[in-house]
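Peer 1: Input run_34.txt, format and content: compact mmCIF, C-alpha atoms.
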# COMPACT_ATOMS: atom_id res chain seq x y z
CA MET T 1 33.61 55.30 47.57
CA SER T 2 31.63 55.22 44.37
CA THR T 3 29.34 52.41 43.40
CA THR T 4 28.13 51.36 39.99
CA PRO T 5 24.34 51.46 39.79
CA LEU T 6 22.63 48.21 38.90
CA ALA T 7 21.65 48.05 35.26
CA GLU T 8 17.97 48.09 34.55
CA PRO T 9 16.77 45.03 32.58
CA ILE T 10 16.08 45.77 28.94
CA ALA T 11 12.38 45.44 28.30
CA ALA T 12 11.31 43.41 25.31
CA PRO T 13 9.59 45.46 22.65
CA ALA T 14 5.83 45.27 22.70
CA PRO T 15 4.50 42.90 20.04
CA HIS T 16 2.72 44.27 17.02
CA GLU T 17 -1.00 43.84 17.60
CA ARG T 18 -1.25 41.34 14.76
CA ASP T 19 1.41 39.12 16.41
CA THR T 20 -0.20 39.07 19.84
CA ILE T 21 -1.65 35.72 20.92
CA ALA T 22 -5.32 36.61 21.10
CA ALA T 23 -6.67 33.16 21.99
CA ALA T 24 -5.50 29.64 22.81
CA GLU T 25 -7.96 26.75 22.79
CA VAL T 26 -7.54 23.17 23.99
CA LEU T 27 -9.41 20.78 21.71
CA VAL T 28 -10.11 17.13 22.60
CA THR T 29 -11.57 14.74 20.05
CA SER T 30 -11.66 10.97 19.52
CA PRO T 31 -12.39 10.01 15.90
CA ASP T 32 -10.66 6.62 16.18
CA ARG T 33 -8.49 7.43 19.19
CA ASN T 34 -8.10 10.34 21.60
CA PHE T 35 -6.23 13.46 20.48
CA VAL T 36 -5.44 16.72 22.28
CA THR T 37 -4.79 19.76 20.09
CA LEU T 38 -3.82 23.32 21.00
CA ARG T 39 -5.08 26.01 18.64
CA ILE T 40 -3.48 29.44 18.89
CA THR T 41 -5.00 32.46 17.16
CA THR T 42 -3.15 35.75 16.65
CA GLY T 43 -4.52 39.27 16.74
CA ASP T 44 -5.06 39.31 12.99
CA GLY T 45 -6.62 35.83 12.85
CA LEU T 46 -3.69 33.59 11.89
CA VAL T 47 -4.14 30.09 13.35
CA GLY T 48 -1.48 27.62 14.47
CA LEU T 49 -1.96 24.03 15.65
CA GLY T 50 0.07 21.93 18.09
CA ASP T 51 -0.29 18.28 19.11
CA ALA T 52 -0.47 17.54 22.86
CA THR T 53 -1.62 13.92 22.76
CA LEU T 54 -0.27 11.64 25.50
CA ASN T 55 -1.61 8.13 25.01
CA GLY T 56 -3.68 7.03 28.02
CA ARG T 57 -3.07 10.30 29.90
CA GLU T 58 -4.62 12.72 27.42
CA LEU T 59 -6.79 14.63 29.89
CA ALA T 60 -3.81 15.32 32.16
CA VAL T 61 -2.18 17.31 29.35
CA ALA T 62 -5.47 18.96 28.40
CA SER T 63 -5.86 20.17 31.99
CA TYR T 64 -2.24 21.30 32.23
CA LEU T 65 -2.70 23.37 29.10
CA ARG T 66 -6.14 24.73 29.88
CA ASP T 67 -5.59 25.50 33.56
CA HIS T 68 -1.92 26.50 33.69
CA VAL T 69 -0.50 27.33 30.25
CA VAL T 70 -3.24 29.04 28.25
CA PRO T 71 -3.61 31.88 30.82
CA LEU T 72 0.12 32.58 30.35
CA LEU T 73 -0.09 32.75 26.56
CA VAL T 74 -2.77 35.33 25.88
CA GLY T 75 -1.12 38.66 25.13
CA ARG T 76 2.34 37.19 24.46
CA ASP T 77 4.24 37.75 21.21
CA ALA T 78 3.59 34.78 18.92
CA GLN T 79 6.83 35.46 17.06
CA ARG T 80 9.07 34.86 20.09
CA ILE T 81 9.17 31.07 19.93
CA GLU T 82 12.46 30.41 21.73
CA ASP T 83 11.64 32.87 24.50
CA THR T 84 8.20 31.32 25.01
CA TRP T 85 9.72 27.82 25.15
CA GLN T 86 12.24 28.87 27.80
CA PHE T 87 9.56 30.73 29.76
CA LEU T 88 7.25 27.69 29.90
CA TYR T 89 10.08 25.30 30.76
CA ARG T 90 11.86 27.38 33.40
CA SER T 91 9.08 29.38 35.02
CA ALA T 92 7.16 26.32 36.26
CA TYR T 93 10.11 25.25 38.48
CA TRP T 94 8.93 21.60 38.24
CA ARG T 95 10.57 20.68 34.95
CA ARG T 96 10.48 17.83 32.49
CA GLY T 97 8.09 14.90 32.52
CA PRO T 98 5.76 13.78 29.72
CA VAL T 99 2.78 15.95 30.69
CA THR T 100 4.80 19.17 30.93
CA MET T 101 6.81 18.49 27.78
CA ALA T 102 3.76 17.50 25.69
CA ALA T 103 2.12 20.77 26.72
CA ILE T 104 5.23 22.80 25.82
CA ALA T 105 5.48 20.88 22.55
CA ALA T 106 1.94 21.87 21.62
CA VAL T 107 2.65 25.56 22.21
CA ASP T 108 5.97 25.42 20.38
CA THR T 109 4.56 23.60 17.34
CA ALA T 110 1.56 25.91 17.13
CA LEU T 111 3.85 28.96 17.18
CA TRP T 112 6.02 27.51 14.41
CA ASP T 113 2.84 26.89 12.43
CA VAL T 114 1.85 30.55 12.92
CA LYS T 115 5.30 31.82 11.96
CA ALA T 116 5.41 29.76 8.77
CA ARG T 117 1.89 30.80 7.83
CA ARG T 118 2.90 34.42 8.43
CA ALA T 119 5.84 33.90 6.07
CA GLY T 120 3.60 32.22 3.48
CA MET T 121 5.79 29.14 3.23
CA PRO T 122 5.88 25.55 4.48
CA LEU T 123 7.60 25.11 7.82
CA TYR T 124 10.55 23.18 6.42
CA GLN T 125 11.58 26.28 4.45
CA LEU T 126 11.88 28.27 7.68
CA LEU T 127 14.00 25.46 9.14
CA GLY T 128 16.59 25.86 6.38
CA GLY T 129 14.88 24.29 3.40
CA ALA T 130 14.73 20.69 2.22
CA SER T 131 17.79 18.47 2.59
CA ARG T 132 16.19 15.73 0.45
CA GLY T 133 13.30 15.12 -1.91
CA GLY T 134 11.32 12.92 0.49
CA LEU T 135 11.49 10.95 3.73
CA LEU T 136 12.03 7.19 3.64
CA ALA T 137 9.24 5.62 5.69
CA TYR T 138 8.89 2.19 7.24
CA GLY T 139 5.67 0.27 7.69
CA HIS T 140 4.56 -2.26 10.32
CA ALA T 141 4.27 -5.87 9.13
CA SER T 142 3.12 -8.48 11.64
CA GLY T 143 1.49 -11.88 11.95
CA ARG T 144 0.16 -14.43 14.40
CA ASP T 145 2.49 -16.92 12.75
CA VAL T 146 5.28 -16.73 10.18
CA PRO T 147 3.12 -17.35 7.07
CA GLU T 148 0.76 -14.55 8.12
CA LEU T 149 3.78 -12.31 8.74
CA LEU T 150 5.15 -13.00 5.24
CA ASP T 151 1.76 -12.09 3.76
CA SER T 152 1.81 -8.84 5.75
CA VAL T 153 5.27 -7.98 4.42
CA ARG T 154 4.04 -8.55 0.87
CA ARG T 155 1.03 -6.27 1.44
CA HIS T 156 3.27 -3.49 2.74
CA LEU T 157 5.58 -3.82 -0.23
CA ASP T 158 2.53 -3.62 -2.53
CA GLU T 159 1.50 -0.42 -0.68
CA GLY T 160 4.85 1.11 -1.61
CA PHE T 161 6.91 0.70 1.57
CA ARG T 162 10.64 0.27 1.03
CA ALA T 163 11.46 -0.59 4.66
CA ILE T 164 9.52 -2.91 6.97
CA ARG T 165 9.29 -3.39 10.73
CA VAL T 166 8.80 -7.09 11.54
CA GLN T 167 6.80 -8.24 14.60
CA THR T 168 5.30 -11.66 15.22
CA SER T 169 3.49 -13.66 17.87
CA VAL T 170 5.58 -15.86 20.16
CA PRO T 171 4.64 -19.50 20.83
CA GLY T 172 3.40 -19.82 24.39
CA VAL T 173 2.51 -16.13 24.75
CA ARG T 174 -1.15 -15.21 24.22
CA THR T 175 -0.72 -11.66 22.92
CA VAL T 176 2.39 -9.78 21.81
CA TYR T 177 2.96 -6.08 21.20
CA GLY T 178 2.82 -5.01 17.55
CA VAL T 179 0.86 -7.93 16.07
CA ALA T 180 -2.02 -6.27 14.27
CA SER T 181 -4.23 -9.30 13.64
CA GLN T 182 -4.50 -10.41 17.28
CA PRO T 183 -8.05 -10.37 18.64
CA THR T 184 -8.75 -7.80 21.35
CA SER T 185 -11.28 -7.85 24.17
CA THR T 186 -13.41 -5.38 22.22
CA GLY T 187 -13.25 -7.46 19.06
CA GLY T 188 -11.57 -4.77 16.97
CA ARG T 189 -8.58 -2.48 16.66
CA TYR T 190 -8.23 1.04 17.94
CA ASP T 191 -6.85 3.07 15.04
CA TYR T 192 -4.26 0.39 14.19
CA GLU T 193 -2.82 0.20 17.70
CA PRO T 194 -3.32 -2.19 20.63
CA ALA T 195 -4.85 0.53 22.82
CA GLN T 196 -8.45 -0.22 23.72
CA ARG T 197 -11.39 1.88 24.82
CA ALA T 198 -11.84 0.81 28.43
CA LEU T 199 -11.85 2.21 31.98
CA VAL T 200 -8.77 0.16 32.95
CA PRO T 201 -5.83 -1.28 30.99
CA VAL T 202 -6.09 -4.81 29.63
CA GLU T 203 -3.65 -7.37 31.05
CA GLU T 204 -1.38 -9.33 28.70
CA ASP T 205 1.29 -11.96 29.32
CA TRP T 206 5.00 -12.14 28.49
CA ASP T 207 7.90 -14.65 28.39
CA THR T 208 11.30 -13.19 27.48
CA ARG T 209 13.07 -16.55 27.05
CA ALA T 210 10.42 -17.77 24.61
CA TYR T 211 10.75 -14.52 22.70
CA LEU T 212 14.54 -14.76 22.48
CA ARG T 213 14.29 -18.33 21.18
CA HIS T 214 11.72 -17.41 18.55
CA VAL T 215 12.76 -14.10 16.98
CA PRO T 216 16.06 -15.05 15.23
CA GLY T 217 14.33 -17.81 13.29
CA VAL T 218 11.64 -15.38 12.18
CA PHE T 219 14.22 -13.04 10.68
CA GLU T 220 16.03 -15.93 9.01
CA THR T 221 12.78 -16.85 7.25
CA VAL T 222 12.00 -13.27 6.26
CA ARG T 223 15.50 -12.75 4.85
CA ASN T 224 15.31 -16.01 2.89
CA GLU T 225 11.96 -14.93 1.44
CA PHE T 226 12.69 -11.29 0.60
CA GLY T 227 16.44 -11.20 0.09
CA PRO T 228 19.27 -9.15 1.61
CA ALA T 229 18.41 -5.67 0.30
CA LEU T 230 15.09 -4.95 2.07
CA PRO T 231 15.66 -2.84 5.23
CA LEU T 232 14.19 -4.75 8.19
CA LEU T 233 13.50 -3.28 11.64
CA HIS T 234 12.37 -4.80 14.93
CA ASP T 235 10.98 -3.33 18.17
CA GLY T 236 11.88 -4.99 21.48
CA HIS T 237 9.55 -2.58 23.30
CA HIS T 238 11.69 -2.24 26.45
CA ARG T 239 11.10 -5.89 27.42
CA MET T 240 14.66 -7.15 27.84
CA ARG T 241 17.26 -6.74 30.53
CA PRO T 242 20.58 -5.42 29.17
CA ILE T 243 22.25 -8.85 28.90
CA GLU T 244 19.16 -10.24 27.13
CA ALA T 245 19.19 -7.31 24.72
CA ALA T 246 22.86 -7.93 24.01
CA ARG T 247 22.10 -11.59 23.29
CA LEU T 248 19.31 -10.71 20.87
CA GLY T 249 21.34 -8.06 19.07
CA LYS T 250 24.16 -10.55 18.53
CA ALA T 251 21.76 -13.29 17.38
CA LEU T 252 20.23 -10.93 14.80
CA GLU T 253 23.53 -9.79 13.29
CA PRO T 254 23.40 -12.33 10.38
CA TYR T 255 20.12 -10.76 9.20
CA ASP T 256 21.47 -7.21 8.85
CA LEU T 257 18.76 -5.24 10.65
CA PHE T 258 18.30 -1.56 9.89
CA TRP T 259 17.81 -1.24 13.65
CA LEU T 260 16.77 -2.97 16.86
CA GLU T 261 14.48 -0.57 18.71
CA ASP T 262 14.04 -0.10 22.45
CA CYS T 263 15.88 -3.29 23.31
CA THR T 264 15.96 -2.44 27.03
CA PRO T 265 14.49 0.35 29.20
CA ALA T 266 16.88 3.24 28.56
CA GLU T 267 16.10 5.36 31.60
CA ASN T 268 19.26 3.62 32.80
CA GLN T 269 21.38 5.04 29.99
CA GLU T 270 24.53 3.26 31.15
CA ALA T 271 22.85 -0.10 30.47
CA LEU T 272 23.36 0.49 26.76
CA ARG T 273 27.13 0.21 27.30
CA LEU T 274 26.74 -3.52 27.88
CA VAL T 275 24.53 -3.95 24.81
CA ARG T 276 26.93 -1.95 22.65
CA GLN T 277 29.89 -4.05 23.76
CA HIS T 278 28.31 -7.25 22.49
CA THR T 279 26.58 -6.44 19.21
CA THR T 280 26.98 -4.41 16.03
CA THR T 281 23.24 -4.43 15.34
CA PRO T 282 22.22 -0.73 15.09
CA LEU T 283 20.20 0.51 18.07
CA ALA T 284 17.28 2.97 18.12
CA ILE T 285 16.15 4.49 21.42
CA GLY T 286 13.94 7.27 22.70
CA GLU T 287 10.24 7.11 21.90
CA VAL T 288 9.38 7.46 25.60
CA PHE T 289 11.97 10.18 26.23
CA ASN T 290 10.86 13.79 26.65
CA THR T 291 13.97 15.98 27.05
CA ALA T 292 17.53 16.28 25.84
CA TRP T 293 18.70 15.10 29.28
CA ASP T 294 17.32 11.63 28.54
CA TYR T 295 19.71 11.35 25.60
CA GLN T 296 22.78 12.93 27.18
CA THR T 297 24.86 9.82 27.91
CA LEU T 298 23.56 7.88 24.91
CA LEU T 299 24.73 10.56 22.50
CA ARG T 300 27.99 11.53 24.18
CA GLU T 301 29.13 7.89 24.43
CA GLN T 302 27.67 6.99 21.01
CA LEU T 303 25.63 4.13 22.48
CA ILE T 304 22.80 4.40 19.94
CA ASP T 305 22.50 4.94 16.19
CA TYR T 306 19.03 6.51 15.88
CA VAL T 307 17.12 9.06 17.98
CA ARG T 308 13.49 7.95 18.34
CA GLY T 309 11.92 11.03 19.94
CA SER T 310 8.79 12.74 18.68
CA VAL T 311 7.93 16.42 18.27
CA THR T 312 4.80 15.81 20.36
CA HIS T 313 6.51 14.30 23.39
CA THR T 314 9.94 15.94 23.36
CA GLY T 315 9.11 19.62 23.72
CA GLY T 316 8.23 20.51 20.14
CA VAL T 317 10.13 21.44 17.00
CA THR T 318 12.52 23.71 18.90
CA ALA T 319 13.65 21.04 21.37
CA LEU T 320 13.78 18.06 19.01
CA ARG T 321 15.83 19.98 16.49
CA LYS T 322 18.41 20.73 19.19
CA ILE T 323 18.57 17.04 20.10
CA ALA T 324 18.97 16.07 16.42
CA ASP T 325 21.74 18.63 15.99
CA GLN T 326 23.53 17.25 19.04
CA ALA T 327 23.16 13.72 17.63
CA ALA T 328 24.61 14.83 14.29
CA VAL T 329 27.92 15.64 15.98
CA TYR T 330 28.28 11.89 16.63
CA GLN T 331 26.93 10.74 13.24
CA ILE T 332 23.72 9.57 14.91
CA ARG T 333 20.62 9.90 12.75
CA THR T 334 16.92 10.41 13.40
CA GLY T 335 14.09 7.89 13.33
CA PHE T 336 11.23 9.91 14.77
CA HIS T 337 8.34 8.15 16.51
CA GLY T 338 5.28 8.05 14.23
CA PRO T 339 2.42 5.88 15.52
CA THR T 340 -1.22 6.86 15.40
CA ASP T 341 -1.10 8.31 18.93
CA ILE T 342 0.82 11.15 17.31
CA SER T 343 -1.92 13.21 15.68
CA PRO T 344 -1.64 14.36 12.04
CA VAL T 345 -0.50 17.71 13.49
CA GLY T 346 2.43 16.10 15.31
CA MET T 347 3.19 13.91 12.32
CA ALA T 348 3.28 16.91 9.98
CA ALA T 349 5.71 18.68 12.31
CA ALA T 350 7.97 15.61 12.25
CA LEU T 351 7.92 15.53 8.45
CA HIS T 352 8.85 19.20 8.12
CA LEU T 353 11.68 18.79 10.63
CA GLY T 354 12.90 15.56 9.05
CA LEU T 355 12.92 17.09 5.58
CA ALA T 356 15.15 19.93 6.78
CA LEU T 357 17.59 17.96 8.96
CA HIS T 358 20.80 16.71 7.37
CA ASN T 359 21.01 13.69 9.69
CA PHE T 360 17.54 12.32 8.96
CA GLY T 361 17.51 8.51 8.96
CA ILE T 362 14.00 7.10 8.54
CA GLN T 363 10.41 7.98 9.54
CA GLU T 364 7.93 5.61 11.15
CA LEU T 365 4.54 5.63 9.40
CA MET T 366 1.30 4.22 10.77
CA PRO T 367 -1.48 5.63 8.58
CA HIS T 368 -4.27 7.40 10.44
CA SER T 369 -7.84 6.23 9.98
CA PRO T 370 -10.17 7.95 7.49
CA ARG T 371 -12.23 9.41 10.36
CA THR T 372 -9.10 10.93 11.91
CA LEU T 373 -8.19 12.48 8.56
CA GLU T 374 -11.65 14.04 8.36
CA VAL T 375 -10.89 15.93 11.58
CA PHE T 376 -7.27 16.74 10.67
CA ARG T 377 -7.01 17.60 6.98
CA THR T 378 -3.40 17.32 5.94
CA SER T 379 -1.33 18.10 2.85
CA SER T 380 1.27 15.35 3.44
CA THR T 381 1.75 12.61 0.84
CA PHE T 382 3.22 9.09 0.69
CA THR T 383 4.50 8.11 -2.73
CA GLY T 384 6.96 5.41 -3.75
CA GLY T 385 7.96 4.71 -0.18
CA TYR T 386 8.67 8.37 0.66
CA LEU T 387 6.75 10.91 2.73
CA HIS T 388 6.53 14.63 2.05
CA PRO T 389 4.75 17.25 4.20
CA GLY T 390 3.51 19.27 1.19
CA ASP T 391 4.06 22.90 0.36
CA GLU T 392 1.08 24.63 1.96
CA PRO T 393 2.01 27.45 4.37
CA GLY T 394 2.72 26.32 7.92
CA LEU T 395 2.31 22.68 8.87
CA GLY T 396 -0.24 22.08 6.12
CA VAL T 397 -2.92 20.83 8.55
CA THR T 398 -6.38 22.27 9.23
CA TYR T 399 -8.71 21.28 12.06
CA ASP T 400 -12.38 20.63 11.25
CA ASP T 401 -14.41 21.61 14.31
CA GLU T 402 -17.63 20.09 13.05
CA ALA T 403 -16.03 16.72 12.33
CA ALA T 404 -14.23 16.79 15.69
CA ALA T 405 -17.42 17.53 17.62
CA ALA T 406 -18.92 14.26 16.40
CA HIS T 407 -16.27 12.28 18.30
CA PRO T 408 -16.16 13.07 22.04
CA TYR T 409 -13.43 11.76 24.34
CA GLU T 410 -13.65 8.14 25.48
CA PRO T 411 -11.31 6.57 28.07
CA ALA T 412 -8.72 4.30 26.46
CA TYR T 413 -5.50 2.68 27.59
CA LEU T 414 -2.61 0.66 26.27
CA PRO T 415 -2.33 -2.83 27.80
CA TYR T 416 0.13 -3.84 30.48
CA ALA T 417 2.05 -7.12 30.83
CA ARG T 418 2.67 -9.73 33.52
CA LEU T 419 5.14 -12.59 33.47
CA HIS T 420 3.72 -16.08 33.85
CA ASP T 421 4.41 -15.97 37.60
CA GLY T 422 2.27 -12.83 37.91
CA THR T 423 5.04 -10.21 38.08
CA VAL T 424 4.20 -6.91 36.37
CA HIS T 425 6.62 -6.45 33.45
CA ASP T 426 7.47 -3.66 31.01
CA TRP T 427 4.87 -3.46 28.28
How does this structure look as structure tokens?
Peer 2:
Amino acid sequence: MSTTPLAEPIAAPAPHERDTIAAAEVLVTSPDRNFVTLRITTGDGLVGLGDATLNGRELAVASYLRDHVVPLLVGRDAQRIEDTWQFLYRSAYWRRGPVTMAAIAAVDTALWDVKARRAGMPLYQLLGGASRGGLLAYGHASGRDVPELLDSVRRHLDEGFRAIRVQTSVPGVRTVYGVASQPTSTGGRYDYEPAQRALVPVEEDWDTRAYLRHVPGVFETVRNEFGPALPLLHDGHHRMRPIEAARLGKALEPYDLFWLEDCTPAENQEALRLVRQHTTTPLAIGEVFNTAWDYQTLLREQLIDYVRGSVTHTGGVTALRKIADQAAVYQIRTGFHGPTDISPVGMAAALHLGLALHNFGIQELMPHSPRTLEVFRTSSTFTGGYLHPGDEPGLGVTYDDEAAAAHPYEPAYLPYARLHDGTVHDW
């Protein structure tokens, strides 16, 4: 009886010396907030950058990269991006999760940066070229009361924004997510976000019923002031149960929102079925997601209208593009996460990807502080309401070591919320 010998696995060709990953460095700096950056250098000195920032858990990702990922990278072929992604995802056995996926995202983005620099072209050209001339961006207007909110909308329009997210304080609630002018315990803002430099998170309060009573009237006033054409967005920040989210979506229908974001915690993907049944207000979900599995039901059942993932937290350019392509099958568009806890490296990657994708929808824009932009020098522009990543090779971002060294890491956390009876609630 004859037997067929087992086939020997085909060995991958050895990388050209110039394409070998010669070094990978984990860089932590805090110009006006904490950022974690991976810098990969090839055998011939090409440099690629990746963002690994995870707000409030930055050092966990830095350690994961430094202690577990960097030793696996040195000597690998920098050109084999897909293979490296699959290796890092599958070889660890313990998959998914924000720390793992932020680390993989940093490697993936840095390798795309290297590849585009090697080609001498901006990354979006390697991703198929531009699908549009620029990326519509939305800004964050807010106020402690409605008059202050209206003034904030006017300022954003004067700055060139053509779409506005609207957030406002709620009577009876001391502090509310997304209201920029609220005082903080430190007396100032932390790079335009409510995170604060502290050893423990700050406690805030919350009342969902008061919020649901207040918000529709706010949008009625904004619409009456600025007319029907201005795209308006709102972020519920995971604070409603599904039936409450359905109620708010229905109440906001007369004001024609561009989207209602994170209306309910979407780890329970089936919960969006109830919301969808009761409102035609467009829904945006996903800024806290980190893999395609988190979107599986939402996309297949067409329960959302916009994918809110970020390159930084969803496994990099490779993974987020696959999610966007899956969404496109169902006519679902992108609205990538873009706060200041995404570094200019992660933001640049989002702009390149968004420019290339056919199903781009809108891009969140929170401008980074001047000190942050001294550390991360970027070629991206914002003109007439539209973003563009620029045409420098790669991502178009350089890292200034000297500027970064002046800003060491400081502990900082986002707040957390309790209901008035003391119950810990979603923040």
Peer 1: Taking into account all atoms listed in the file, which residue in the set T:Ala412, T:Ala229, T:Leu111, T:Ile304 is nearest to T:Gly394?
Peer 2: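 Among the listed residues, the smallest separation from T:Gly394 belongs to T:Leu111.
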Peer 1: Can you tell me which residues surround T:Thr84 at a distance of at most 10 Å, considering all atoms listed in the file, apart from same-chain residues fewer than 2 positions away, and format the answer as a PyMOL selection string?
Peer 2: chain T and resi 72-73+76-82+86-90+104+107-108+111
Peer 1: Output C-alpha atoms for every residue in the selection just made, as a compact mmCIF listing (two decimals), in the coordinates of the input.
Peer 2:
# COMPACT_ATOMS: atom_id res chain seq x y z
CA LEU T 72 0.12 32.58 30.35
CA LEU T 73 -0.09 32.75 26.56
CA ARG T 76 2.34 37.19 24.46
CA ASP T 77 4.24 37.75 21.21
CA ALA T 78 3.59 34.78 18.92
CA GLN T 79 6.83 35.46 17.06
CA ARG T 80 9.07 34.86 20.09
CA ILE T 81 9.17 31.07 19.93
CA GLU T 82 12.46 30.41 21.73
CA GLN T 86 12.24 28.87 27.80
CA PHE T 87 9.56 30.73 29.76
CA LEU T 88 7.25 27.69 29.90
CA TYR T 89 10.08 25.30 30.76
CA ARG T 90 11.86 27.38 33.40
CA ILE T 104 5.23 22.80 25.82
CA VAL T 107 2.65 25.56 22.21
CA ASP T 108 5.97 25.42 20.38
CA LEU T 111 3.85 28.96 17.18
Peer 1: So how many Å separate atom CA of T:Arg18 and atom CA of T:Val69, to one decimal?
Peer 2: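 These two atoms are separated by 20.9 Å.
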Peer 1: Considering all atoms listed in the file, give me a table of residues in stretch 103-178 of chain T that are at most 10 Å from stretch 33-42 of chain T, with the closest atom pair and distance in Å for each, as a tab-separated table.
Peer 2:
residue	atom	partner	partner_atom	distance
T:Ala103	CA	T:Leu38	CA	8.6
T:Ala105	CA	T:Leu38	CA	9.7
T:Ala106	CA	T:Leu38	CA	6.0
T:Val107	CA	T:Leu38	CA	7.0
T:Thr109	CA	T:Leu38	CA	9.1
T:Ala110	CA	T:Ile40	CA	6.4
T:Leu111	CA	T:Ile40	CA	7.5
T:Asp113	CA	T:Ile40	CA	9.4
T:Val114	CA	T:Ile40	CA	8.1
Peer 1: Find the spatial neighbours of T:Ala198, counting all atoms listed in the file, within a cut-off of 10 Å - ignore same-chain residues fewer than 3 positions away - and output them as a ChimeraX atom specification.
Peer 2: /T:185-186,195,201-202,410-414
Peer 1: Find, counting all atoms listed in the file, the residue in T:Asp191, T:Asp426, T:Asp19, T:Val218 that gets nearest to T:Cys263.
Peer 2: T:Asp426
Peer 1: Let me have the centre and edge lengths in Å, one decimal, of the box along x, y and z around every listed atom of stretch 404-414 of chain T with 8 Å of margin on each side, as AutoDock Vina command-line options.
Peer 2:
--center_x -10.8 --center_y 9.1 --center_z 21.9 --size_x 32.3 --size_y 32.9 --size_z 28.4
Peer 1: Expressed in Å to a single decimal, how great is the separation between atom CA of T:Gly249 and atom CA of T:Arg276?
Peer 2: 9.0 Å
Peer 1: Determine the nearest neighbour of T:Trp427 from the options T:Pro231, T:Gly309, T:Gly236, T:Gly390, counting only C-alpha atoms.
Peer 2: T:Gly236
Peer 1: Provide the atom CA of T:Ile21 to atom CA of T:Ala116 distance in Å, to one decimal place.
Peer 2: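 Straight-line distance from atom CA of T:Ile21 to atom CA of T:Ala116 works out to 15.3 Å.
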Peer 1: Pick out the residues sitting within 10 Å of T:His358, and hand them over as a list in words; count only C-alpha atoms, and ignore anything fewer than 6 positions along from it in its own chain.
Peer 2: Ala130, Ser131, Arg132, Ala324, Asp325, Ala328, Arg333 and Thr334 of chain T
Peer 1: What lies within 10 Å of T:Gln269 using all atoms listed in the file, ignoring chain neighbours under 4 positions off, as a list in words?
Peer 2: Thr264, Pro265, Arg273, Asp294, Tyr295, Gln296, Thr297, Leu298, Leu299, Glu301 and Leu303 of chain T
Peer 1: Calculated over all atoms listed in the file, which of the candidates T:His337, T:Arg95, T:Arg117, T:Arg174 has the smallest distance to T:Arg144?
Peer 2: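 Of all the options, T:Arg174 lies closest to T:Arg144.
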Peer 1: From the set T:Asp235, T:Asp207, T:Glu8, T:Glu193, which residue has the shortest atom-to-atom contact distance to T:Asp421, counting only C-alpha atoms?
Peer 2: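 Among T:Asp235, T:Asp207, T:Glu8, T:Glu193, it is T:Asp207 that comes nearest to T:Asp421.
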Peer 1: In terms of the shortest atom-to-atom distance over only C-alpha atoms, which of T:Val222, T:Ala23, T:Ala327, T:Met121 is closest to T:Val153?
Peer 2: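 Answer, going by the shortest atom-to-atom distance: T:Val222.
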